[in-house]
There are 2 protein chains.
Amino acid sequence: MQTLNTYKPKNINTHLIEIQDYFKIAISVDCVIFGFDENELKVLLIKSDLDQYKSKWSLLGDIVHTDENLEDAAYRVLLNRTGLQDVYLEQVHTFGKVCRHPAGRVVTIAYYSLINIQHSTIRNMDNELHWHPVKKVKQMAFDHREILDACYQRLQEKLKEHPVGFNLLPKKFSLRELQNLYEAILDVKLDRRNFRKKIMSMGLLIDLNEMEDDVPHRPAKLYKFDAEAFEKKEKNLLGLES
Amino acid sequence: MQTLNTYKPKNINTHLIEIQDYFKIAISVDCVIFGFDENELKVLLIKSDLDQYKSKWSLLGDIVHTDENLEDAAYRVLLNRTGLQDVYLEQVHTFGKVCRHPAGRVVTIAYYSLINIQHSTIRNMDNELHWHPVKKVKQMAFDHREILDACYQRLQEKLKEHPVGFNLLPKKFSLRELQNLYEAILDVKLDRRNFRKKIMSMGLLIDLNEMEDDVPHRPAKLYKFDAEAFEKKEKNLLGLES
DNA sequence: ACAAAAGTGTTAGATTTACACCCATGA
DNA sequence: TCATGGGTGTAAATCTAACACTTTTGT
């Protein structure tokens, strides 16, 4: 083992060195775009045209431009593909196995995003883009299955602690819709009364005094997410932690 | 807004394109190396020699080689700097603001690592490398303060749910040492009896039937971490989830 | 004998889970 | 009037938090 008193390498954090030699790796972002429809969590995928992955499904991603922040690249992909801005986006993990991409060394930063499927300009009739039920996705191109799994797991953990599910629903929704969403994402059955109690106790719902329409049973009350109360809550939490 | 039926860009995930043009970004790893000593959580830092950050402290990191996996780069940094192999390592977040590094565009993948300070070959007398109490770190070079904060927060969350603290302790330790570690990392005061109950109920400690030595009070029993039981537990958990 | 930390159970409070009936609407 | 899901409260069980005295060692 080398001793450390003598090991003092030049280093990008400590010395100004030429980094030209290291510009041999490309960086991309890949977005796991989640939507909720027909009581299922879905993910937006595109058919790859690479020979090696002909007809396999892949995530939506792109190379990061030299003068572009990582998040901006992810938002760019989202805007291009879904027509949506101001969506929920979270970085999850960076995947960089040497041989993960046939075009060369490509390190990819994985994000997941939560969008309202109805608001997007994608329709399932489009040729290339399809919404897939997350639970039924089988083979994927590259290491995208691994990326999807990591993002799905992160979403599950996030949802258990934070009210992010609203991003997947329309502005107005019933408690049943919200519960269906939790059940679909967490893959569990929840007790209706306990769920309602818990959600209500968060104090993040505004009663719209409106009802569902056109349902063949007693209509449910409609609510919207109280973004203001949520922000106030977040701020307090940070304040107490500091 | 562009319509999506007509927007079908070539893309690194879907088409074979030249990525030479994109080799303009360097990739590095930065390691937040945590140790536990004198009842404090400490982080290993090095003085930067870059003009811009003269005498500021920075994390230990390096450029990722073209033929090297990301984790391998992180393990390389760890081995070079601490002389340690087989250490706990976890990827946390990737930082890539356009202007975060004066040498050009450098995207860095942040890891944190938990090591036993006694086992490392670093001594505080070394010129460049110093162990800093995490709570007392002030200014740092680059965006390293932000990286440290992200890693520390992740460590706190991890420790609440998973038994990773053992990586910071010597092979043999007392329950008091373990509690001191939890209190230092989580920045809370814990009830001794409740702590012992909870730790014992995890079933991850092996009673060594040995005692502390040379303490000016009643000596404590010594335990070691039951790695086998831990792995069995992890496996079961994964099994149930799938 | 004294100082200092080790070791050890019980109780109250809070949280979580389980569970069943009436209600409003459309067909 | 029937089928369907909406809406509501309570009790048991579990988990968490609070708390004090005796023991062992070195000085």
# chains A, B, ... in the order shown; residues from 1 in each chain; ligands from 1

call {"tool": "closest_atom_pairs", "arguments": {"of": "chain C", "to": "chain A", "cutoff": "6 Å", "atoms": "only C-alpha atoms (C1' of nucleotides)", "output": "CSV"}}
result
residue,atom,partner,partner_atom,distance
C:DA24,C1',A:Arg218,CA,4.6
C:DT25,C1',A:Arg218,CA,4.2
C:DG26,C1',A:Pro216,CA,4.7

call {"tool": "write_last_selection", "arguments": {"atoms": "C-alpha atoms (C1' of nucleotides)", "output": "mmCIF file, in the first residue's frame"}}
result
data_model
loop_
_atom_site.group_PDB
_atom_site.id
_atom_site.type_symbol
_atom_site.label_atom_id
_atom_site.label_comp_id
_atom_site.auth_asym_id
_atom_site.auth_seq_id
_atom_site.Cartn_x
_atom_site.Cartn_y
_atom_site.Cartn_z
ATOM 1 C "C1'" DA C 24 -76.792 10.119 -2.628
ATOM 2 C "C1'" DT C 25 -77.070 9.415 -7.251
ATOM 3 C "C1'" DG C 26 -78.155 7.194 -12.053
#

call {"tool": "residues_around", "arguments": {"residues": "Val87 in chain A", "least_positions_apart": "6", "cutoff": "8 Å", "atoms": "only C-alpha atoms (C1' of nucleotides)", "output": "list of chain:residue names"}}
result
A:Ser113, A:Leu114, A:Ile115, A:Asn167

call {"tool": "closest_residue", "arguments": {"among": "B:Lys197, B:Asn209, B:Asp86, B:Glu228", "to": "chain D", "atoms": "only C-alpha atoms (C1' of nucleotides)"}}
result
B:Lys197

call {"tool": "residues_around", "arguments": {"residues": "Phe230 in chain A", "least_positions_apart": "5", "cutoff": "12 Å", "atoms": "only C-alpha atoms (C1' of nucleotides)", "output": "VMD selection string"}}
result
chain A and resid 162 to 164 166 202 to 206 225 235 to 237

call {"tool": "select_by_dssp", "arguments": {"residues": "range 135-234 of chain A", "states": "strand (DSSP E)", "output": "CSV table (one decimal) with N, CA and C atoms, in the first residue's frame"}}
result
chain,number,residue,atom,x,y,z
A,205,LEU,N,-55.6,20.0,1.4
A,205,LEU,CA,-56.7,20.0,0.4
A,205,LEU,C,-57.6,21.1,0.6
A,206,ILE,N,-58.0,21.7,-0.5
A,206,ILE,CA,-59.1,22.7,-0.4
A,206,ILE,C,-60.4,22.1,-1.0
A,207,ASP,N,-61.4,22.2,-0.2
A,207,ASP,CA,-62.7,21.7,-0.6
A,207,ASP,C,-63.3,22.7,-1.6
A,208,LEU,N,-63.6,22.2,-2.8
A,208,LEU,CA,-64.1,23.1,-3.8
A,208,LEU,C,-65.6,23.3,-3.8
A,209,ASN,N,-66.3,22.6,-2.9
A,209,ASN,CA,-67.7,22.6,-2.9
A,209,ASN,C,-68.3,22.3,-4.2
A,210,GLU,N,-67.6,21.4,-4.9
A,210,GLU,CA,-68.2,20.9,-6.2
A,210,GLU,C,-68.3,19.4,-6.1
A,211,MET,N,-69.1,18.8,-7.0
A,211,MET,CA,-69.3,17.4,-7.0
A,211,MET,C,-68.8,16.8,-8.3
A,221,LYS,N,-67.1,14.5,-3.5
A,221,LYS,CA,-66.7,15.9,-3.4
A,221,LYS,C,-65.4,16.1,-4.2
A,222,LEU,N,-65.2,17.3,-4.7
A,222,LEU,CA,-63.9,17.5,-5.4
A,222,LEU,C,-63.1,18.5,-4.6
A,223,TYR,N,-61.8,18.2,-4.7
A,223,TYR,CA,-60.8,19.0,-3.9
A,223,TYR,C,-59.7,19.5,-4.9
A,224,LYS,N,-59.0,20.5,-4.4
A,224,LYS,CA,-57.7,20.8,-5.1
A,224,LYS,C,-56.6,20.9,-4.1
A,225,PHE,N,-55.4,20.8,-4.6
A,225,PHE,CA,-54.2,20.8,-3.8
A,225,PHE,C,-54.0,22.2,-3.3

call {"tool": "residues_around", "arguments": {"residues": "DA12 in chain D", "least_positions_apart": "5", "cutoff": "12 Å", "atoms": "only C-alpha atoms (C1' of nucleotides)", "output": "list in words"}}
result
DT16, DT17, DA18 and DC19 of chain C

call {"tool": "closest_atom_pairs", "arguments": {"of": "chain D", "to": "chain B", "cutoff": "9 Å", "atoms": "only C-alpha atoms (C1' of nucleotides)", "output": "tab-separated table"}}
result
residue	atom	partner	partner_atom	distance
D:DA17	C1'	B:Asn194	CA	8.3
D:DA18	C1'	B:Asp191	CA	8.8
D:DT23	C1'	B:Arg218	CA	8.2
D:DT24	C1'	B:Arg218	CA	4.5
D:DT25	C1'	B:Arg218	CA	4.0
D:DG26	C1'	B:Pro216	CA	4.7
D:DT27	C1'	B:Pro216	CA	7.8

call {"tool": "select_by_dssp", "arguments": {"residues": "range 27-148 of chain B", "states": "helix (DSSP H, G or I)", "output": "ChimeraX atom specification"}}
result
/B:51-53,70-82,134-136,144-148

call {"tool": "write_last_selection", "arguments": {"atoms": "C-alpha atoms", "output": "CSV table (one decimal), in the first residue's frame"}}
result
chain,number,residue,atom,x,y,z
B,51,ASP,CA,-5.7,30.5,-7.3
B,52,GLN,CA,-9.3,31.1,-7.1
B,53,TYR,CA,-9.8,28.9,-4.1
B,70,LEU,CA,-18.1,5.8,-11.9
B,71,GLU,CA,-17.9,3.8,-8.8
B,72,ASP,CA,-14.5,2.5,-9.6
B,73,ALA,CA,-13.3,6.1,-9.9
B,74,ALA,CA,-14.7,6.8,-6.4
B,75,TYR,CA,-13.1,3.7,-5.0
B,76,ARG,CA,-9.8,4.8,-6.6
B,77,VAL,CA,-9.9,8.2,-4.9
B,78,LEU,CA,-10.7,6.5,-1.6
B,79,LEU,CA,-7.9,4.0,-1.9
B,80,ASN,CA,-5.4,6.7,-2.9
B,81,ARG,CA,-6.4,9.0,-0.1
B,82,THR,CA,-7.2,6.8,2.8
B,134,VAL,CA,-18.7,18.4,9.9
B,135,LYS,CA,-20.6,21.0,12.1
B,136,LYS,CA,-17.7,23.4,12.0
B,144,HIS,CA,-18.3,21.7,-2.3
B,145,ARG,CA,-20.2,23.0,0.6
B,146,GLU,CA,-23.4,22.3,-1.2
B,147,ILE,CA,-22.1,18.8,-2.0
B,148,LEU,CA,-21.2,18.2,1.6

call {"tool": "atom_distance", "arguments": {"atom1": "CA of His132 in chain B", "atom2": "CA of Leu155 in chain B"}}
result
16.5 Å

call {"tool": "residues_around", "arguments": {"residues": "Arg100 in chain A", "least_positions_apart": "5", "cutoff": "10 Å", "atoms": "only C-alpha atoms (C1' of nucleotides)", "output": "number ranges by chain"}}
result
A: 95, 105-108, 141-144

call {"tool": "closest_residue", "arguments": {"among": "B:Val29, B:Asn39, B:Val98, B:Lys56", "to": "chain A", "atoms": "only C-alpha atoms"}}
result
B:Val98

call {"tool": "atom_distance", "arguments": {"atom1": "CA of Leu45 in chain A", "atom2": "CA of Val137 in chain A"}}
result
9.8 Å

call {"tool": "closest_residue", "arguments": {"among": "A:Val92, A:Leu169, A:Asp30, A:Glu212", "to": "Glu157 in chain A", "atoms": "only C-alpha atoms"}}
result
A:Val92
